[in-house]
Amino acid sequence: MALKAGRGAAAPPFLVMDVIAAANARAASLPADAPGILRMEVGQPGTGAPRGAAEAAIRALQAGAPMGYTEAFGLASLRARIAGHYGAKYGVAVAPARIAVTVGASGAFPLAFLAAFDAGDRVAMAAPFYPPYANILTALGMRPVLLPCDAATRFQPTLAMLEKLDPLPDGLVVASPCNPAGTMLAPAELSAIARWCHANGVRLVSDEIYHGLSWGTVAESTAAAFSDSAVVVNSFSKYWSMTGWRIGWMVLPEDLVRPVECLAQNMFISAPHVAQVAAEAAFDCTEELEANRSAYARSRAALLEGLPKAGFDRIAAADGAFYLWCDIGHLTNDSVAFAARMLEGAGIAATPGVDFDRDRGARFLRFSYCGPEAAMAQAPGRLKGWLGRS
Ligand SMILES: Cc1ncc(COP(=O)(O)O)c(C=O)c1O
């Protein structure tokens, strides 16, 4: 008898994982003396956790700390440190009681969505978007409302787009810098959107995971500065280079603190204890993290200089994160096939846009430049040679 599978079983795959598998297979098939594959598909720093963070974890383990569950919202010292970060970085006072430590930013989304929305609720977001926003909402019975965005608005939503929605959505997810486009909302734009959401009963979820990685074209600002009803999501995965440690956080509005705490107790109990110890220490590793950041900045500059000469000349404003979102409509109408050919012919793995934009992704490619600087610098030359031949 065929048994019923739930709505969650219909969650679409995250296609970048297939690209990673193809790049691994291609790398394994190459002779040892062949030039390796340039990995520009992955969205995680090539660097590990900062030394001071790893050492704090080692010290805690060697001291025999039992590393049991923490409180659902995390270690008090880590929550205080995160709250202090808002004062130090943005000049915004945030009470530690509003900080929830989560299992990465990924762990924050289901908590935020379940606390803020009901099944059937409509939640808007720009397209292209980070696929799990829509996939998690859909798995929870909520409905993503996609706002097609392009270079004219830096691939970001605008107040005008929101005002046109009828009926108004129940929620809005924004990300600045965003994945995949790497573009940002200016502080005045984020402020206007946050205030409009508050005034219109639209719950704003602001994904700020790429803060710390922006390149001076647009200033970073936090939704926590503009709205008491917004949920802010952040993580130690990107600037702090700690993907596998799985620590993120939320700044919660007062009305969602207790609901999210109850959900977190039931769904996760707590984020990993030893990783919380490491994350707290990461706040003191600025020198190492700023060196990583400088390497990304150099890779970005080299690619912005070299890619147009190689034929990739339609690149979204590279404001932040470590992505370049390229319109390759003049080269192909099938980015999946194009990425496969590029892997084979140029030895470069990049992510086809279809993951991020269901309607227009066939003409976009995302290059990630968080890999080793020397490898990133080789990309334009290889692409030029390959496109010249093909
Ligand atoms: C925009 C965005 N949000 C959230 C995440 C998830 O990050 P985490 O490792 O903190 O779960 C990612 C990961 O790539 C991302 O790009």
# chains A, B, ... in the order shown; residues from 1 in each chain; ligands from 1
>>> residues_near_ligand(ligand="ligand 1", cutoff="6 Å", atoms="only C-alpha atoms and all ligand atoms", output="mmCIF file with C-alpha atoms, in the first residue's frame")
data_model
loop_
_atom_site.group_PDB
_atom_site.id
_atom_site.type_symbol
_atom_site.label_atom_id
_atom_site.label_comp_id
_atom_site.auth_asym_id
_atom_site.auth_seq_id
_atom_site.Cartn_x
_atom_site.Cartn_y
_atom_site.Cartn_z
ATOM 1 C CA GLY A 43 28.787 29.675 -0.654
ATOM 2 C CA GLY A 104 22.732 28.601 12.102
ATOM 3 C CA ALA A 105 20.553 31.111 10.320
ATOM 4 C CA SER A 106 18.898 28.026 8.838
ATOM 5 C CA TYR A 130 17.956 32.265 -1.331
ATOM 6 C CA CYS A 178 21.643 39.204 -0.553
ATOM 7 C CA ASN A 179 22.364 35.814 -1.992
ATOM 8 C CA ILE A 209 23.968 36.996 7.417
ATOM 9 C CA SER A 235 24.886 33.867 11.738
ATOM 10 C CA SER A 237 28.748 31.220 9.094
ATOM 11 C CA THR A 243 29.712 27.346 8.668
ATOM 12 C CA GLY A 248 23.271 31.751 14.214
#
>>> select_by_dssp(residues="stretch 18-69 of chain A", states="helix (DSSP H, G or I)", output="list in words")
Asp18, Val19, Ile20, Ala21, Ala22, Ala23, Asn24, Ala25, Arg26, Ala27, Ala28, Ser29, Arg51, Gly52, Ala53, Ala54, Glu55, Ala56, Ala57, Ile58, Arg59, Ala60, Leu61 and Gln62 of chain A
>>> residues_around(residues="A:Asn292", least_positions_apart="6", cutoff="10 Å", atoms="only C-alpha atoms", output="count of residues only")
12
>>> residues_around(residues="stretch 244-247 of chain A", least_positions_apart="3", cutoff="12 Å", atoms="only C-alpha atoms", output="count of residues only")
47
>>> residues_around(residues="A:Thr153", least_positions_apart="6", cutoff="12 Å", atoms="only C-alpha atoms", output="list in words")
Ala126, Ala127, Leu147, Leu159, Ala160, Met161, Ala181, Thr183, Met184, Leu185, Ala186, Glu189, Ala316 and Ala317 of chain A
>>> write_last_selection(atoms="C-alpha atoms", output="PDB file, in the first residue's frame")
ATOM      1  CA  ALA A 126      12.505  39.476  -4.065  1.00  0.00           C
ATOM      2  CA  ALA A 127      13.304  37.043  -6.871  1.00  0.00           C
ATOM      3  CA  LEU A 147       8.586  39.992  -6.465  1.00  0.00           C
ATOM      4  CA  LEU A 159       8.296  50.250  -1.473  1.00  0.00           C
ATOM      5  CA  ALA A 160       6.474  50.761  -4.774  1.00  0.00           C
ATOM      6  CA  MET A 161       6.439  46.992  -5.395  1.00  0.00           C
ATOM      7  CA  ALA A 181      22.881  38.845  -6.323  1.00  0.00           C
ATOM      8  CA  THR A 183      23.343  43.538  -3.829  1.00  0.00           C
ATOM      9  CA  MET A 184      22.233  45.704  -0.902  1.00  0.00           C
ATOM     10  CA  LEU A 185      19.443  47.957   0.262  1.00  0.00           C
ATOM     11  CA  ALA A 186      20.670  51.438   1.228  1.00  0.00           C
ATOM     12  CA  GLU A 189      15.540  52.015   1.659  1.00  0.00           C
ATOM     13  CA  ALA A 316      24.832  42.842 -10.741  1.00  0.00           C
ATOM     14  CA  ALA A 317      26.154  45.615  -8.473  1.00  0.00           C
TER      15      ALA A 317
END
>>> select_by_dssp(residues="stretch 298-370 of chain A", states="strand (DSSP E)", output="ChimeraX atom specification")
/A:323-327,348-349,351-352,364-368
>>> atom_distance(atom1="atom CA of A:Pro157", atom2="atom CA of A:Ala10")
27.5 Å
>>> residues_around(residues="stretch 132-141 of chain A", least_positions_apart="6", cutoff="8 Å", atoms="only C-alpha atoms", output="mmCIF file with N, CA and C atoms, in the first residue's frame")
data_model
loop_
_atom_site.group_PDB
_atom_site.id
_atom_site.type_symbol
_atom_site.label_atom_id
_atom_site.label_comp_id
_atom_site.auth_asym_id
_atom_site.auth_seq_id
_atom_site.Cartn_x
_atom_site.Cartn_y
_atom_site.Cartn_z
ATOM 1 N N ARG A 7 3.599 17.217 3.080
ATOM 2 C CA ARG A 7 3.902 18.358 2.214
ATOM 3 C C ARG A 7 5.412 18.599 2.118
ATOM 4 N N GLY A 8 6.092 18.368 3.245
ATOM 5 C CA GLY A 8 7.536 18.590 3.277
ATOM 6 C C GLY A 8 8.283 17.698 2.311
ATOM 7 N N ALA A 9 7.707 16.542 1.977
ATOM 8 C CA ALA A 9 8.372 15.619 1.060
ATOM 9 C C ALA A 9 8.457 16.203 -0.344
ATOM 10 N N ALA A 10 7.691 17.251 -0.599
ATOM 11 C CA ALA A 10 7.711 17.861 -1.929
ATOM 12 C C ALA A 10 8.721 19.004 -2.012
ATOM 13 N N ALA A 11 9.504 19.234 -0.957
ATOM 14 C CA ALA A 11 10.485 20.335 -0.990
ATOM 15 C C ALA A 11 11.450 20.111 -2.145
ATOM 16 N N PRO A 12 11.638 21.118 -2.991
ATOM 17 C CA PRO A 12 12.546 20.946 -4.127
ATOM 18 C C PRO A 12 13.998 20.817 -3.664
ATOM 19 N N PHE A 109 15.052 30.303 10.592
ATOM 20 C CA PHE A 109 13.911 30.537 9.696
ATOM 21 C C PHE A 109 12.638 29.802 10.122
ATOM 22 N N PRO A 110 12.689 28.466 10.362
ATOM 23 C CA PRO A 110 11.439 27.818 10.765
ATOM 24 C C PRO A 110 10.879 28.369 12.075
ATOM 25 N N PHE A 113 9.322 31.789 11.136
ATOM 26 C CA PHE A 113 8.120 31.652 10.305
ATOM 27 C C PHE A 113 6.964 31.068 11.123
ATOM 28 N N LEU A 114 7.250 30.057 11.944
ATOM 29 C CA LEU A 114 6.171 29.429 12.724
ATOM 30 C C LEU A 114 5.636 30.377 13.792
ATOM 31 N N ASP A 118 0.869 31.882 9.940
ATOM 32 C CA ASP A 118 0.042 30.674 9.959
ATOM 33 C C ASP A 118 0.104 30.019 8.589
ATOM 34 N N ALA A 119 -0.282 28.741 8.552
ATOM 35 C CA ALA A 119 -0.417 28.070 7.253
ATOM 36 C C ALA A 119 -1.359 28.915 6.397
ATOM 37 N N GLY A 120 -1.012 29.048 5.146
ATOM 38 C CA GLY A 120 -1.841 29.832 4.234
ATOM 39 C C GLY A 120 -1.398 31.290 4.125
ATOM 40 N N VAL A 173 10.408 38.925 3.482
ATOM 41 C CA VAL A 173 11.795 38.562 3.789
ATOM 42 C C VAL A 173 12.697 39.429 2.922
#
>>> closest_residue(among="A:Gly182, A:Val123, A:Pro96, A:Leu204", to="A:Pro169", atoms="only C-alpha atoms")
A:Val123
>>> residues_around(residues="A:Glu344", least_positions_apart="5", cutoff="10 Å", atoms="only C-alpha atoms", output="list of chain:residue names")
A:Ala22, A:Ala23, A:Arg26, A:Ile37, A:Phe338, A:Ala339, A:Ala349, A:Trp386
>>> closest_residue(among="A:Leu168, A:Met376, A:Ala192, A:Ala80", to="A:Ala93", atoms="only C-alpha atoms")
A:Ala80
>>> decode(residues="stretch 29-169 of chain A", atoms="C-alpha atoms", output="PDB file, in the first residue's frame")
ATOM      1  CA  SER A  29      38.567  12.210 -12.776  1.00  0.00           C
ATOM      2  CA  LEU A  30      41.440  14.582 -13.627  1.00  0.00           C
ATOM      3  CA  PRO A  31      45.055  13.355 -13.832  1.00  0.00           C
ATOM      4  CA  ALA A  32      47.159  14.449 -10.870  1.00  0.00           C
ATOM      5  CA  ASP A  33      49.181  16.944 -12.956  1.00  0.00           C
ATOM      6  CA  ALA A  34      46.152  18.598 -14.598  1.00  0.00           C
ATOM      7  CA  PRO A  35      45.083  22.078 -13.490  1.00  0.00           C
ATOM      8  CA  GLY A  36      42.460  21.615 -10.802  1.00  0.00           C
ATOM      9  CA  ILE A  37      38.825  22.673 -10.811  1.00  0.00           C
ATOM     10  CA  LEU A  38      38.182  26.255  -9.673  1.00  0.00           C
ATOM     11  CA  ARG A  39      35.410  25.989  -7.109  1.00  0.00           C
ATOM     12  CA  MET A  40      33.172  29.014  -7.540  1.00  0.00           C
ATOM     13  CA  GLU A  41      29.896  27.265  -6.753  1.00  0.00           C
ATOM     14  CA  VAL A  42      30.158  27.027  -2.990  1.00  0.00           C
ATOM     15  CA  GLY A  43      28.787  29.675  -0.654  1.00  0.00           C
ATOM     16  CA  GLN A  44      31.045  28.946   2.254  1.00  0.00           C
ATOM     17  CA  PRO A  45      34.364  30.553   3.151  1.00  0.00           C
ATOM     18  CA  GLY A  46      37.419  28.513   2.179  1.00  0.00           C
ATOM     19  CA  THR A  47      38.921  29.492   5.534  1.00  0.00           C
ATOM     20  CA  GLY A  48      38.069  27.637   8.741  1.00  0.00           C
ATOM     21  CA  ALA A  49      36.948  29.053  12.061  1.00  0.00           C
ATOM     22  CA  PRO A  50      39.271  31.753  13.361  1.00  0.00           C
ATOM     23  CA  ARG A  51      42.081  30.361  15.455  1.00  0.00           C
ATOM     24  CA  GLY A  52      40.904  31.982  18.693  1.00  0.00           C
ATOM     25  CA  ALA A  53      37.453  30.416  18.301  1.00  0.00           C
ATOM     26  CA  ALA A  54      38.828  26.926  17.735  1.00  0.00           C
ATOM     27  CA  GLU A  55      41.200  27.356  20.677  1.00  0.00           C
ATOM     28  CA  ALA A  56      38.362  28.385  22.984  1.00  0.00           C
ATOM     29  CA  ALA A  57      36.510  25.195  22.030  1.00  0.00           C
ATOM     30  CA  ILE A  58      39.642  23.081  22.614  1.00  0.00           C
ATOM     31  CA  ARG A  59      40.230  24.721  26.003  1.00  0.00           C
ATOM     32  CA  ALA A  60      36.654  24.089  27.082  1.00  0.00           C
ATOM     33  CA  LEU A  61      36.832  20.433  26.042  1.00  0.00           C
ATOM     34  CA  GLN A  62      40.222  19.903  27.696  1.00  0.00           C
ATOM     35  CA  ALA A  63      38.907  21.429  30.897  1.00  0.00           C
ATOM     36  CA  GLY A  64      36.325  18.650  30.890  1.00  0.00           C
ATOM     37  CA  ALA A  65      33.296  20.912  30.543  1.00  0.00           C
ATOM     38  CA  PRO A  66      30.296  18.564  30.205  1.00  0.00           C
ATOM     39  CA  MET A  67      28.861  20.428  27.211  1.00  0.00           C
ATOM     40  CA  GLY A  68      25.275  19.594  27.958  1.00  0.00           C
ATOM     41  CA  TYR A  69      22.264  21.428  26.633  1.00  0.00           C
ATOM     42  CA  THR A  70      22.274  25.161  27.133  1.00  0.00           C
ATOM     43  CA  GLU A  71      19.120  27.182  27.671  1.00  0.00           C
ATOM     44  CA  ALA A  72      17.031  27.194  24.504  1.00  0.00           C
ATOM     45  CA  PHE A  73      18.135  30.728  23.655  1.00  0.00           C
ATOM     46  CA  GLY A  74      21.806  29.940  24.279  1.00  0.00           C
ATOM     47  CA  LEU A  75      24.554  30.813  26.744  1.00  0.00           C
ATOM     48  CA  ALA A  76      23.863  34.043  28.610  1.00  0.00           C
ATOM     49  CA  SER A  77      27.410  35.260  27.933  1.00  0.00           C
ATOM     50  CA  LEU A  78      27.057  34.711  24.174  1.00  0.00           C
ATOM     51  CA  ARG A  79      23.664  36.439  24.082  1.00  0.00           C
ATOM     52  CA  ALA A  80      25.139  39.408  25.943  1.00  0.00           C
ATOM     53  CA  ARG A  81      28.057  39.537  23.507  1.00  0.00           C
ATOM     54  CA  ILE A  82      25.728  39.469  20.500  1.00  0.00           C
ATOM     55  CA  ALA A  83      23.536  42.192  22.023  1.00  0.00           C
ATOM     56  CA  GLY A  84      26.677  44.275  22.615  1.00  0.00           C
ATOM     57  CA  HIS A  85      27.617  43.833  18.950  1.00  0.00           C
ATOM     58  CA  TYR A  86      24.510  45.865  17.997  1.00  0.00           C
ATOM     59  CA  GLY A  87      25.650  48.742  20.157  1.00  0.00           C
ATOM     60  CA  ALA A  88      29.247  48.592  18.964  1.00  0.00           C
ATOM     61  CA  LYS A  89      28.594  48.116  15.254  1.00  0.00           C
ATOM     62  CA  TYR A  90      25.318  49.938  14.610  1.00  0.00           C
ATOM     63  CA  GLY A  91      24.835  52.133  17.686  1.00  0.00           C
ATOM     64  CA  VAL A  92      21.569  50.320  18.430  1.00  0.00           C
ATOM     65  CA  ALA A  93      20.675  49.260  21.975  1.00  0.00           C
ATOM     66  CA  VAL A  94      19.365  45.683  21.988  1.00  0.00           C
ATOM     67  CA  ALA A  95      18.519  43.875  25.222  1.00  0.00           C
ATOM     68  CA  PRO A  96      20.191  40.442  25.555  1.00  0.00           C
ATOM     69  CA  ALA A  97      16.713  39.070  26.373  1.00  0.00           C
ATOM     70  CA  ARG A  98      15.773  39.629  22.720  1.00  0.00           C
ATOM     71  CA  ILE A  99      18.662  37.512  21.385  1.00  0.00           C
ATOM     72  CA  ALA A 100      17.943  33.894  20.473  1.00  0.00           C
ATOM     73  CA  VAL A 101      20.966  31.754  19.563  1.00  0.00           C
ATOM     74  CA  THR A 102      19.972  29.293  16.839  1.00  0.00           C
ATOM     75  CA  VAL A 103      21.340  26.361  14.833  1.00  0.00           C
ATOM     76  CA  GLY A 104      22.732  28.601  12.102  1.00  0.00           C
ATOM     77  CA  ALA A 105      20.553  31.111  10.320  1.00  0.00           C
ATOM     78  CA  SER A 106      18.898  28.026   8.838  1.00  0.00           C
ATOM     79  CA  GLY A 107      17.591  27.083  12.276  1.00  0.00           C
ATOM     80  CA  ALA A 108      16.195  30.585  12.735  1.00  0.00           C
ATOM     81  CA  PHE A 109      13.911  30.537   9.696  1.00  0.00           C
ATOM     82  CA  PRO A 110      11.439  27.818  10.765  1.00  0.00           C
ATOM     83  CA  LEU A 111      11.289  29.329  14.256  1.00  0.00           C
ATOM     84  CA  ALA A 112      10.614  32.818  12.914  1.00  0.00           C
ATOM     85  CA  PHE A 113       8.120  31.652  10.305  1.00  0.00           C
ATOM     86  CA  LEU A 114       6.171  29.429  12.724  1.00  0.00           C
ATOM     87  CA  ALA A 115       6.063  32.129  15.391  1.00  0.00           C
ATOM     88  CA  ALA A 116       5.023  34.889  12.997  1.00  0.00           C
ATOM     89  CA  PHE A 117       2.817  33.223  10.376  1.00  0.00           C
ATOM     90  CA  ASP A 118       0.042  30.674   9.959  1.00  0.00           C
ATOM     91  CA  ALA A 119      -0.417  28.070   7.253  1.00  0.00           C
ATOM     92  CA  GLY A 120      -1.841  29.832   4.234  1.00  0.00           C
ATOM     93  CA  ASP A 121      -0.175  33.165   5.031  1.00  0.00           C
ATOM     94  CA  ARG A 122       1.566  34.987   2.178  1.00  0.00           C
ATOM     95  CA  VAL A 123       5.177  36.021   2.584  1.00  0.00           C
ATOM     96  CA  ALA A 124       6.812  38.226  -0.044  1.00  0.00           C
ATOM     97  CA  MET A 125      10.443  38.232  -1.137  1.00  0.00           C
ATOM     98  CA  ALA A 126      12.505  39.476  -4.065  1.00  0.00           C
ATOM     99  CA  ALA A 127      13.304  37.043  -6.871  1.00  0.00           C
ATOM    100  CA  PRO A 128      16.102  35.981  -7.213  1.00  0.00           C
ATOM    101  CA  PHE A 129      16.189  34.736  -3.611  1.00  0.00           C
ATOM    102  CA  TYR A 130      17.956  32.265  -1.331  1.00  0.00           C
ATOM    103  CA  PRO A 131      15.949  29.084  -2.100  1.00  0.00           C
ATOM    104  CA  PRO A 132      15.367  27.872   1.481  1.00  0.00           C
ATOM    105  CA  TYR A 133      13.215  30.958   2.264  1.00  0.00           C
ATOM    106  CA  ALA A 134      10.574  29.795  -0.177  1.00  0.00           C
ATOM    107  CA  ASN A 135      11.115  26.083   0.359  1.00  0.00           C
ATOM    108  CA  ILE A 136      10.793  26.280   4.153  1.00  0.00           C
ATOM    109  CA  LEU A 137       7.703  28.488   3.898  1.00  0.00           C
ATOM    110  CA  THR A 138       6.139  26.045   1.443  1.00  0.00           C
ATOM    111  CA  ALA A 139       6.966  23.035   3.625  1.00  0.00           C
ATOM    112  CA  LEU A 140       5.188  24.836   6.490  1.00  0.00           C
ATOM    113  CA  GLY A 141       2.089  25.430   4.363  1.00  0.00           C
ATOM    114  CA  MET A 142       2.807  29.145   3.886  1.00  0.00           C
ATOM    115  CA  ARG A 143       2.845  30.821   0.506  1.00  0.00           C
ATOM    116  CA  PRO A 144       5.866  32.636  -0.936  1.00  0.00           C
ATOM    117  CA  VAL A 145       4.949  35.674  -3.042  1.00  0.00           C
ATOM    118  CA  LEU A 146       7.775  36.414  -5.462  1.00  0.00           C
ATOM    119  CA  LEU A 147       8.586  39.992  -6.465  1.00  0.00           C
ATOM    120  CA  PRO A 148      10.560  39.849  -9.721  1.00  0.00           C
ATOM    121  CA  CYS A 149      13.510  42.219  -9.347  1.00  0.00           C
ATOM    122  CA  ASP A 150      16.239  43.216 -11.750  1.00  0.00           C
ATOM    123  CA  ALA A 151      19.277  45.446 -12.048  1.00  0.00           C
ATOM    124  CA  ALA A 152      17.077  48.578 -12.077  1.00  0.00           C
ATOM    125  CA  THR A 153      16.428  48.107  -8.331  1.00  0.00           C
ATOM    126  CA  ARG A 154      19.683  46.270  -7.553  1.00  0.00           C
ATOM    127  CA  PHE A 155      17.677  43.031  -7.463  1.00  0.00           C
ATOM    128  CA  GLN A 156      16.046  44.299  -4.259  1.00  0.00           C
ATOM    129  CA  PRO A 157      12.363  44.961  -3.496  1.00  0.00           C
ATOM    130  CA  THR A 158      11.083  48.535  -3.372  1.00  0.00           C
ATOM    131  CA  LEU A 159       8.296  50.250  -1.473  1.00  0.00           C
ATOM    132  CA  ALA A 160       6.474  50.761  -4.774  1.00  0.00           C
ATOM    133  CA  MET A 161       6.439  46.992  -5.395  1.00  0.00           C
ATOM    134  CA  LEU A 162       5.121  46.328  -1.903  1.00  0.00           C
ATOM    135  CA  GLU A 163       2.415  48.974  -2.111  1.00  0.00           C
ATOM    136  CA  LYS A 164       1.094  47.406  -5.296  1.00  0.00           C
ATOM    137  CA  LEU A 165       0.471  44.032  -3.649  1.00  0.00           C
ATOM    138  CA  ASP A 166      -3.216  43.340  -3.219  1.00  0.00           C
ATOM    139  CA  PRO A 167      -3.923  41.881  -0.751  1.00  0.00           C
ATOM    140  CA  LEU A 168      -0.912  42.979   1.273  1.00  0.00           C
ATOM    141  CA  PRO A 169       1.298  40.055   2.301  1.00  0.00           C
TER     142      PRO A 169
END
